[in-house]
Each structure stands twice: as C-alpha cells, then as structure tokens.
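Encoded as structure tokens, the structure appears first; notes follow it.
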Amino acid sequence: MSENLNSENKTEVIVVGGGPAGISCAVTLARAGHQVVLIERGKFAGAKNMFGGAIYAQPTREIFPDFEKTAPLERKNVTHKYAILGEKDGTVIEYTNKSEDPVSYTVVRGKFDRWMAEEAKKEGVILVEETVVKELIVENEAVVGVRTELEDFYANIVVVADGVNSLLAKQIGLRGDIETKDVAVSVKEVYKLSKEKINDRFHLNDEEGCIYELFGGSMLNKLGLGFIYTNKDSVSIGLGITLNEFENDDTKPYEYLDKLKKHPLIEPLIKDGELLEYSAHLIPEGGFNKIPTLCGAGVMVVGDAAMLVNNLHWEGTNLAMMSGKLAGETAVVALSKNDFSENSLNRYAEELEKTFVIKDLKTYRDLMDIAHSRKNSFFGYYLKKINSFFEMFTSVNSVPKRTLYWNFIKSLFKDRGIKELFKDLWAVIQLLWGILIK
C-alpha cells in the first residue's frame, strides 16, 4: 500500500471495510477529487460478506446511477411472500408487482461487492485487499491512522466500516460490548437449481425473482425469521435467530435450518438442489437504542459497525450505503476546512438524523424490546392460531360454521387467558403508539 502513499505513508482518508458502506464512502470521496484508501481484509471485496440476497434499486442508484446496465444482478424481485409455518401446515400471503421500476434485485455478494470495488477503483479509489487493520492509531485523543500487520498508515480521517463486531469502534470507546440480545446469528445455504425449475416452482418468468419471509416452523417460540431468495440458477435459504436464544439451547443454528428445509411448504422449493455454499454471519438487531457514538476526532463509523439495520423491513445494505455516502460527504467538507475535530465530523451524524435511516430506526425503537418481552406470544402462539383459523375456515366436517367460529373465539380465551391477552394487546398498542405517534 505504501507505494500509493506519500513518503510519510499518509493519505487524506482511509476507509476500513470493503462492504457497501465502505465502498459508498470511498466512491463519494474519490468523485470529489480526494485521495482515499479502502482496506479490505478479505481476498477480495465481498469474499467475507453474507446476506440474504437483495439490494435495493433506489439507494444503489444514488451511488452507482447506471448499475443496472453493468452490475452482476441475478433477478428482479417481483413477488414477495410471507409464509407463516406451523409444524406441518402454513399460511402464505403474497404480494406481486411487475412494474418496470423494480424495488430490489437479488445479488450474490461475492460478485456484487467485487463489482462495486472495481467501480470504485475506476473512480480513483486505492483498493488494498488481504490486509487486516489491527487497531486505530490515536494521538492527542484523535484518530490519525491505522495499524496493520505490516505497517502503520496515516490519514486525516479514518472511516470505520468493519462490520457488526467493529473491534475498531470498540477500541476507541465509541461502542461497548454487544449484548447477545442485540445481534442475530444468521445461517444460509445456496442450492443450485436450473432456471426452469426455479421459474416453475416460484411461478416466475425469466429474470423475475421471488422473496420469501418465513415465520415459525423450526423457529416457533424463538425470536427468529427465515428467508428464501431466488437467483438466476440457484436458491438461497436461511434464517436468523437472536443470539441469546442459544444461551440455554443445545440446538445449533444449522440444525434449525435443517429442520426448516424439511417443512412441507419449503422442501419442494429446493428439492434435488445441489448444495453450493454454507455461510454464517452476525446481524445487528439492537435498532435505534443501540446505535453507538457515530464520530469522534478523526473518525466516523458507518454501516453494520454503526448498528444500522432495520430488521422489520429486512433493510441493511441501503442503510449502509446511505451512511457511507453521508460520511464521505462530511469528509469532503472537513477536508475543505482542514478541520477533523469531533465537532466537524459530527456533521455526519446530524445529516444522518435527517434521513429515513435514523427516522425509520427511531420509528421502530421499541420493536425489539417488545419482541423480546412477548416472544412466545408473537413468535409462537399467534402464528399457530393463524394457521388454526385457516384450518377451521377451510374445513368441511358437517359442523355449523357459526359453531366453528365461536369455538375458535372461545379457544383464544381458554388457551391464552384474559390476563395474557391484555398484555399482548397492550404490547401492540405500545408498538403502534411508537410507530405512529411517539
């Protein structure tokens, strides 16, 4: 890397982490004419990254306006399905939109992040791969560079985009230890299937994609969700369960996934598929209340390292890209003023506050606390009752319908009890109050 820097191993900005947040930040700086070095620990950008499978079109266009022409996209998502799974049954709600302006595309992170990194290099970003940043260099209470296993490198500003664990942000006190309830462990498998089988099983045309969000099944009574994404000739399936669920549970995450794959509604979708890949990753789930301090003297924190994930809407890459872009714009202003103080870089946090990123996270600020407190209700009992209702509604057993309806209503009070029902109702009211009013 030193061959790309001056004799003092110094550049204007160093970005640590070659994911969507880091690359978006680096591109923004390079386009403004500034020297920026992007350090990625993997063999290539995207080599160590993992997610379910979709990137969002509108925010991606903000960084790469013409990405749809050259990026390695898999399918344009037109169908979104919500599957509520019991032990052997399930209820599926489907929304389809085949407009010409897609909301999202499925991608393979190893391919897509690598493409983004190459686009960044075209803009002038200096990309350094297979390099681990061991710690931040701090002088006079300000971050002035990074220490790798090879050398020390210096910069006016360091942008930390090193992911959910973010040991760098922790090192300088911008965040503390992550609680197990604030992260989920996600496991995913990718199965090779022909394009024809995918189109047939998911009722798609060529280039069209489908997203499944999975509730219940092997995750009943667990704070967890599953997913399925369709690629051109493969299907990604996985789940994420909050880490504290495993504290008194000997079942491994992959065992939950194995059981999920055997569900009668899921098994036919991946039948005869060839396993191509298995991966696991931590996902930040703390939401607004767990966002760390976003900046200090000479440093800003972006993406997963800043806990910027909207888990209710499965949004992470778009929040990461927006945070990276705003951090890059803040760095441009700071460089123009030659002011790298915390007060100067705090512009990043202030601008982020004005966007949907913080506004949406603030809207759902109480979501995870409520989900943890009423987990057995909303991730167990009511999922089962939804399927129970449709089993009753579709049955033909010579029992009068009115009797069936009243029996179902009575079962709510008998199974749950009035006290618990009121607790559940109060939790819903609190959540709605936070979303709509608070």
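Labels used: A, B, ... for chains in the order of the structure tokens, numbers from 1 for residues in each chain, and numbers from 1 for ligands as shown.
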Please identify every residue of range 37-77 of chain A that has at least one atom no farther than 9 Å from an atom of range 133-137 of chain A, counting only C-alpha atoms, and for each give the shortest atom pair and the distance in Å to one decimal, arranged by chain then increasing number, as a Markdown table.
| residue | atom | partner | partner_atom | distance |
| --- | --- | --- | --- | --- |
| A:Ile39 | CA | A:Val133 | CA | 7.9 |
| A:Glu40 | CA | A:Val133 | CA | 8.6 |
| A:Arg41 | CA | A:Val133 | CA | 7.6 |
Can I get the selection written as a compact mmCIF listing (two decimals), in the first residue's frame, with N, CA, C and O atoms?
# COMPACT_ATOMS: atom_id res chain seq x y z
N ILE A 39 -9.35 -0.30 2.61
CA ILE A 39 -8.67 -1.51 3.08
C ILE A 39 -9.69 -2.60 3.34
O ILE A 39 -10.63 -2.42 4.12
N GLU A 40 -9.49 -3.75 2.73
CA GLU A 40 -10.38 -4.90 2.87
C GLU A 40 -9.57 -6.10 3.34
O GLU A 40 -8.55 -6.44 2.74
N ARG A 41 -10.02 -6.75 4.40
CA ARG A 41 -9.27 -7.88 4.95
C ARG A 41 -9.40 -9.15 4.12
O ARG A 41 -8.56 -10.04 4.18
Next on the checklist: Give me, as a count of residues only, all polymer residues having an atom no more than 9 Å from range 272-274 of chain A, counting only C-alpha atoms and skipping those fewer than 3 positions away in the same chain.
Outcome noted: 9
Next on the checklist: Can you pull out every residue from range 164-360 of chain A that DSSP, working from the backbone, puts in strand (DSSP E), and format the result as a ChimeraX atom specification?
Outcome noted: /A:183-192,208-216,224-230,234-242,274-284,295-296,299-301
Checklist outcome for this item: The residue from A:Gly110, A:Gly287, A:Gly163, A:Gly217 with the smallest atom-to-atom distance to Gly303 in chain A, counting only C-alpha atoms, is A:Gly163
Checklist outcome for this item: For Tyr382 in chain A, the closest of A:Val160, A:Leu220, A:Ile358, A:Val37 counting only C-alpha atoms is A:Leu220
Considering only C-alpha atoms, tabulate each residue of range 341-381 of chain A that lies at most 10 Å from range 324-329 of chain A along with its nearest interatomic pair and the corresponding distance in Å to one decimal; arrange the rows by chain and ascending residue number and present them as a tab-separated table.
residue	atom	partner	partner_atom	distance
A:Leu345	CA	A:Ala327	CA	8.3
A:Asn346	CA	A:Ala327	CA	9.6
A:Arg347	CA	A:Ala327	CA	8.6
A:Tyr348	CA	A:Ala327	CA	5.4
A:Ala349	CA	A:Ala327	CA	8.4
A:Glu350	CA	A:Leu326	CA	9.8
A:Glu351	CA	A:Leu326	CA	7.0
A:Leu352	CA	A:Leu326	CA	7.0
A:Thr355	CA	A:Leu326	CA	9.9
Item to check | Nearest residue to Glu141 in chain A from the set A:Ser388, A:Asn248, A:Ser341, A:Ser377 (distances using only C-alpha atoms) | outcome: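 Going through A:Ser388, A:Asn248, A:Ser341, A:Ser377 one by one, the smallest distance to Glu141 in chain A is for A:Ser341.
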Item to check | Residues within 7 Å of range 7-22 of chain A, only C-alpha atoms, excluding chain neighbours under 5 positions, as a count of residues only | outcome: 28
